[in-house]
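For reference, model.csv is printed below; it contains CSV, C-alpha atoms.
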chain,number,residue,atom,x,y,z
A,1,MET,CA,185.5,36.3,-12.8
A,2,PHE,CA,182.0,37.5,-13.6
A,3,VAL,CA,179.8,35.7,-16.0
A,4,VAL,CA,177.1,37.5,-18.0
A,5,SER,CA,173.6,36.1,-17.8
A,6,SER,CA,170.5,37.2,-19.6
A,7,SER,CA,166.9,37.7,-18.4
A,8,ARG,CA,163.7,39.3,-19.6
A,9,SER,CA,162.5,42.6,-18.4
A,10,GLY,CA,158.9,43.5,-18.0
A,11,SER,CA,158.9,45.1,-21.4
A,12,GLY,CA,160.1,41.8,-23.0
A,13,GLU,CA,163.6,43.2,-23.7
A,14,THR,CA,166.6,41.0,-22.8
A,15,LYS,CA,168.7,42.5,-20.0
A,16,ARG,CA,172.3,41.5,-19.4
A,17,VAL,CA,173.0,40.6,-15.8
A,18,ARG,CA,176.5,40.0,-14.4
A,19,LEU,CA,176.8,37.1,-11.9
A,20,SER,CA,179.8,36.5,-9.7
A,21,PRO,CA,181.2,32.9,-9.6
A,22,ASP,CA,179.3,32.2,-6.3
A,23,GLU,CA,176.1,33.6,-7.7
A,24,ARG,CA,176.4,31.5,-10.9
A,25,ARG,CA,177.2,28.4,-9.0
A,26,LEU,CA,174.1,28.9,-6.8
A,27,GLN,CA,172.0,29.6,-9.8
A,28,LEU,CA,173.0,26.3,-11.4
A,29,ILE,CA,172.4,24.3,-8.2
A,30,THR,CA,169.0,26.0,-7.7
A,31,LEU,CA,168.0,25.2,-11.3
A,32,GLY,CA,168.9,21.6,-10.7
A,33,ALA,CA,167.0,21.4,-7.4
A,34,GLU,CA,163.9,22.8,-9.2
A,35,MET,CA,164.2,20.1,-11.9
A,36,LEU,CA,164.0,17.4,-9.2
A,37,ALA,CA,160.3,18.1,-8.9
A,38,GLU,CA,159.8,16.4,-12.3
A,39,ARG,CA,162.7,14.1,-12.9
A,40,ALA,CA,165.2,11.9,-11.2
A,41,LEU,CA,168.5,13.3,-10.1
A,42,GLU,CA,170.5,11.2,-12.7
A,43,ASP,CA,168.2,12.5,-15.4
A,44,ILE,CA,169.1,16.1,-14.8
A,45,SER,CA,171.3,16.9,-17.8
A,46,VAL,CA,174.1,19.4,-18.1
A,47,GLU,CA,172.7,20.5,-21.5
A,48,ASP,CA,169.3,21.4,-20.0
A,49,ILE,CA,170.8,23.2,-17.1
A,50,ALA,CA,173.2,25.2,-19.3
A,51,LYS,CA,170.4,26.1,-21.6
A,52,GLN,CA,168.2,27.4,-18.8
A,53,ALA,CA,171.1,29.4,-17.3
A,54,GLY,CA,172.1,30.8,-20.7
A,55,ILE,CA,175.6,29.5,-20.6
A,56,SER,CA,177.6,26.9,-22.6
A,57,ARG,CA,177.7,23.3,-21.5
A,58,GLY,CA,181.5,23.5,-21.0
A,59,LEU,CA,181.2,26.5,-18.7
A,60,LEU,CA,179.2,24.5,-16.2
A,61,PHE,CA,182.3,22.4,-15.6
A,62,HIS,CA,184.1,25.5,-14.6
A,63,TYR,CA,182.0,25.3,-11.4
A,64,PHE,CA,181.8,21.5,-11.0
A,65,ALA,CA,184.5,19.0,-11.7
A,66,SER,CA,182.0,16.3,-12.9
A,67,VAL,CA,178.3,15.5,-13.3
A,68,HIS,CA,178.5,13.5,-10.1
A,69,GLU,CA,179.8,16.5,-8.2
A,70,PHE,CA,177.0,18.7,-9.7
A,71,HIS,CA,174.4,16.1,-8.6
A,72,GLU,CA,175.9,16.0,-5.1
A,73,ALA,CA,175.7,19.8,-4.9
A,74,ILE,CA,172.0,19.6,-5.9
A,75,ALA,CA,171.4,17.0,-3.2
A,76,ARG,CA,173.1,19.1,-0.6
A,77,GLN,CA,170.9,22.1,-1.6
A,78,VAL,CA,167.8,20.0,-1.2
A,79,SER,CA,169.0,18.7,2.2
A,80,ALA,CA,169.6,22.3,3.4
A,81,GLU,CA,166.0,23.2,2.3
A,82,PHE,CA,164.7,20.1,4.1
A,83,LEU,CA,166.5,20.9,7.4
A,84,ILE,CA,165.0,24.4,7.3
A,85,ALA,CA,161.6,23.1,6.5
A,86,THR,CA,161.7,20.6,9.4
A,87,ALA,CA,163.6,22.7,12.0
A,88,PRO,CA,162.2,22.1,15.6
A,89,ASP,CA,159.7,24.6,16.9
A,90,ARG,CA,161.2,25.4,20.3
A,91,SER,CA,158.0,27.1,21.4
A,92,LEU,CA,156.5,23.6,21.8
A,93,GLY,CA,157.0,21.0,24.4
A,94,LEU,CA,159.4,18.2,23.5
A,95,PHE,CA,156.8,15.6,22.4
A,96,ASP,CA,154.8,18.2,20.5
A,97,MET,CA,158.0,19.4,18.9
A,98,LEU,CA,158.8,15.9,17.7
A,99,ARG,CA,155.3,15.4,16.3
A,100,ASP,CA,155.4,18.8,14.6
A,101,SER,CA,158.8,18.1,13.0
A,102,VAL,CA,157.6,14.6,11.8
A,103,GLU,CA,154.4,16.1,10.3
A,104,ARG,CA,156.5,18.7,8.4
A,105,TYR,CA,158.9,16.0,7.4
A,106,VAL,CA,156.1,14.0,5.8
A,107,ASP,CA,154.7,17.2,4.2
A,108,TYR,CA,158.0,18.0,2.7
A,109,VAL,CA,158.5,14.5,1.3
A,110,GLU,CA,155.0,14.5,-0.2
A,111,GLN,CA,155.7,17.8,-1.9
A,112,ASN,CA,159.2,16.7,-3.1
A,113,ARG,CA,158.8,13.0,-3.5
A,114,ALA,CA,160.9,12.8,-6.7
A,115,ALA,CA,163.8,14.5,-5.0
A,116,TYR,CA,163.5,12.4,-1.9
A,117,HIS,CA,163.3,9.1,-3.8
A,118,ALA,CA,166.2,10.0,-6.1
A,119,ILE,CA,168.5,10.8,-3.3
A,120,LEU,CA,167.8,7.7,-1.2
A,121,ARG,CA,167.0,5.1,-3.9
A,122,GLY,CA,168.0,6.5,-7.4
A,123,PRO,CA,171.0,5.2,-9.3
A,124,SER,CA,173.0,8.3,-8.2
A,125,SER,CA,172.5,7.3,-4.5
A,126,TYR,CA,175.2,4.6,-5.0
A,127,ASN,CA,178.1,6.8,-5.9
A,128,PRO,CA,180.5,7.3,-3.0
A,129,GLY,CA,180.0,11.0,-2.8
A,130,MET,CA,176.3,10.7,-2.5
A,131,VAL,CA,176.6,8.0,0.2
A,132,THR,CA,178.9,10.3,2.2
A,133,TYR,CA,176.4,13.1,1.8
A,134,VAL,CA,173.4,11.0,3.0
A,135,ASN,CA,175.4,9.8,6.0
A,136,GLU,CA,176.3,13.4,6.8
A,137,SER,CA,172.7,14.4,6.5
A,138,ARG,CA,171.6,11.6,8.9
A,139,SER,CA,174.2,12.6,11.4
A,140,ALA,CA,173.1,16.3,11.3
A,141,ILE,CA,169.5,15.3,11.9
A,142,ALA,CA,170.6,12.9,14.8
A,143,GLU,CA,172.6,15.8,16.4
A,144,LEU,CA,169.6,18.1,16.0
A,145,VAL,CA,167.3,15.6,17.8
A,146,LEU,CA,169.9,14.8,20.4
A,147,THR,CA,170.3,18.5,21.1
A,148,GLU,CA,166.7,18.9,22.1
A,149,ILE,CA,166.7,15.9,24.6
A,150,PRO,CA,167.4,17.1,28.2
A,151,ILE,CA,170.2,14.6,28.8
A,152,PRO,CA,173.6,15.9,30.0
A,153,PRO,CA,176.4,15.6,27.4
A,154,ASP,CA,178.5,13.5,29.7
A,155,ASP,CA,175.7,11.0,30.4
A,156,PRO,CA,177.1,7.5,29.8
A,157,ASP,CA,173.8,6.6,28.0
A,158,ARG,CA,174.2,9.3,25.4
A,159,PRO,CA,176.3,7.3,22.9
A,160,ARG,CA,173.7,4.5,22.8
A,161,LEU,CA,171.0,7.0,22.5
A,162,LYS,CA,172.7,8.7,19.6
A,163,LEU,CA,173.1,5.4,17.8
A,164,ALA,CA,169.4,4.6,18.4
A,165,ILE,CA,168.4,8.0,16.9
A,166,ARG,CA,170.6,7.3,13.8
A,167,GLY,CA,168.7,4.0,13.4
A,168,TRP,CA,165.4,5.7,13.9
A,169,ILE,CA,166.2,8.2,11.1
A,170,ALA,CA,166.9,5.3,8.7
A,171,PHE,CA,163.6,3.7,9.9
A,172,VAL,CA,161.8,6.9,9.2
A,173,GLU,CA,163.3,7.2,5.7
A,174,GLU,CA,162.4,3.6,4.7
A,175,THR,CA,158.9,3.7,6.3
A,176,ILE,CA,158.0,6.9,4.4
A,177,LEU,CA,159.3,5.6,1.1
A,178,THR,CA,157.2,2.5,1.5
A,179,TRP,CA,154.2,4.5,2.6
A,180,MET,CA,154.4,6.8,-0.4
A,181,SER,CA,154.4,3.9,-2.8
A,182,GLU,CA,151.8,1.7,-1.1
A,183,LYS,CA,149.8,4.0,1.3
A,184,PRO,CA,148.8,1.0,3.5
A,185,ILE,CA,147.7,3.2,6.3
A,186,PRO,CA,146.2,6.7,6.6
A,187,ARG,CA,148.7,9.6,7.0
A,188,ALA,CA,147.6,10.2,10.7
A,189,GLN,CA,148.6,6.6,11.5
A,190,LEU,CA,151.9,7.0,9.7
A,191,ILE,CA,152.7,10.1,11.9
A,192,GLU,CA,151.7,8.2,15.0
A,193,LEU,CA,154.0,5.3,14.1
A,194,LEU,CA,157.0,7.5,13.4
A,195,VAL,CA,156.6,9.6,16.6
A,196,GLU,CA,156.0,6.6,18.9
A,197,SER,CA,158.8,4.6,17.4
A,198,LEU,CA,161.6,6.9,18.6
A,199,PRO,CA,161.3,6.3,22.4
A,200,ALA,CA,160.4,2.7,21.7
A,201,LEU,CA,163.6,2.2,19.6
A,202,ALA,CA,165.8,4.1,22.0
A,203,LEU,CA,164.5,2.0,25.0
A,204,SER,CA,165.5,4.9,27.2
A,205,PRO,CA,163.4,5.7,30.3
A,206,GLU,CA,164.8,9.2,30.3
A,207,LEU,CA,163.8,9.9,26.7
A,208,THR,CA,160.3,8.4,27.2
A,209,ALA,CA,159.8,10.5,30.3
A,210,ALA,CA,161.1,13.6,28.6
A,211,LEU,CA,158.8,13.2,25.6
A,212,ARG,CA,155.8,12.4,27.7
A,213,GLY,CA,156.6,15.4,30.0
Rewrite the structure of this file - the entire thing - as structure tokens.
Amino acid sequence: MFVVSSSRSGSGETKRVRLSPDERRLQLITLGAEMLAERALEDISVEDIAKQAGISRGLLFHYFASVHEFHEAIARQVSAEFLIATAPDRSLGLFDMLRDSVERYVDYVEQNRAAYHAILRGPSSYNPGMVTYVNESRSAIAELVLTEIPIPPDDPDRPRLKLAIRGWIAFVEETILTWMSEKPIPRAQLIELLVESLPALALSPELTAALRG
């Protein structure tokens, strides 16, 4: 099925553009992600999205079973953008890589604070689908961090370390949320706190030694 969309040409004339189902779905999700810059996730209305996309309200539900499913798709899109924005720079040493990723993490949140807050603390964050999505996102980040640590996969200490990293991610989320609302310390001190807290929380000599090089 192809859906017709409209757009403006340089001359001001309306052009008809055919979108495939996958393209239309991505367009709707992208529009929703853009709206998160100025409103909470639960305030993104089907009517506004449909109007911007040039489709009927009912047609949006051809691509999403419910408003909740649409909001979850937006959250997943934002998460994918976040993971790309904070991907480790493997040209750096392990400690510098961690610091660089944390700095870009804070940068991303400052630039997308409404989206970050909506996903972690907004009313939509309590629906089961969103809870599952947030847990999956934390697990993905934990695996990403764990992949960079030079500890063998069969090391008996690895499960404990993975659990500690999951806890650290939750600590980072909560700390940044509080910092954004209160700004009790300068940004540089926030970065230092987040970076130093990982080896301290993990209580792993191997991780501390690896980070300190």
*Just the residues within 9 Å of stretch 187-191 of chain A, please, counting all atoms listed in the file, with nothing from its chain fewer than 4 positions along; format it as a ChimeraX atom specification.*
/A:99,102-103,106,175-176,179,183,195-196
*Go through A:Leu144, A:Leu193, A:Ala202, A:Ile44 one by one, measure the shortest atom-to-atom distance of each to A:Asp89 using only C-alpha atoms, and give the residue with the smallest value.*
A:Leu144
*What separation in Å, quoted to one decimal, exists between atom CA of A:Arg39 and atom CA of A:Ala87?*
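So the answer is 26.4 Å.
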_Test item: residues at most 8 Å from A:Trp168, all atoms listed in the file, excluding those fewer than 5 positions along its chain, as a VMD selection string_ = chain A and resid 197 to 198 201
Sorted by chain and rising residue number, list the residues of stretch 55-168 of chain A at most 9 Å from stretch 20-36 of chain A (counting only C-alpha atoms), each with its closest atom pair and distance in Å to one decimal, as a Markdown table.
| residue | atom | partner | partner_atom | distance |
| --- | --- | --- | --- | --- |
| A:Leu60 | CA | A:Leu28 | CA | 8.0 |
| A:Tyr63 | CA | A:Arg25 | CA | 6.2 |
| A:Phe64 | CA | A:Arg25 | CA | 8.5 |
| A:Phe70 | CA | A:Ile29 | CA | 7.4 |
| A:His71 | CA | A:Gly32 | CA | 8.1 |
| A:Ala73 | CA | A:Ile29 | CA | 6.5 |
| A:Ile74 | CA | A:Ile29 | CA | 5.2 |
| A:Ala75 | CA | A:Ala33 | CA | 7.5 |
| A:Gln77 | CA | A:Ala33 | CA | 7.0 |
| A:Val78 | CA | A:Ala33 | CA | 6.4 |
| A:Asn112 | CA | A:Leu36 | CA | 7.8 |
| A:Arg113 | CA | A:Leu36 | CA | 8.9 |
| A:Ala114 | CA | A:Leu36 | CA | 6.1 |
| A:Ala115 | CA | A:Leu36 | CA | 5.1 |
| A:Tyr116 | CA | A:Leu36 | CA | 8.9 |
| A:Ala118 | CA | A:Leu36 | CA | 8.3 |
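Atom to atom, atom CA of A:Ser45 and atom CA of A:Ser66 stand 11.8 Å apart.
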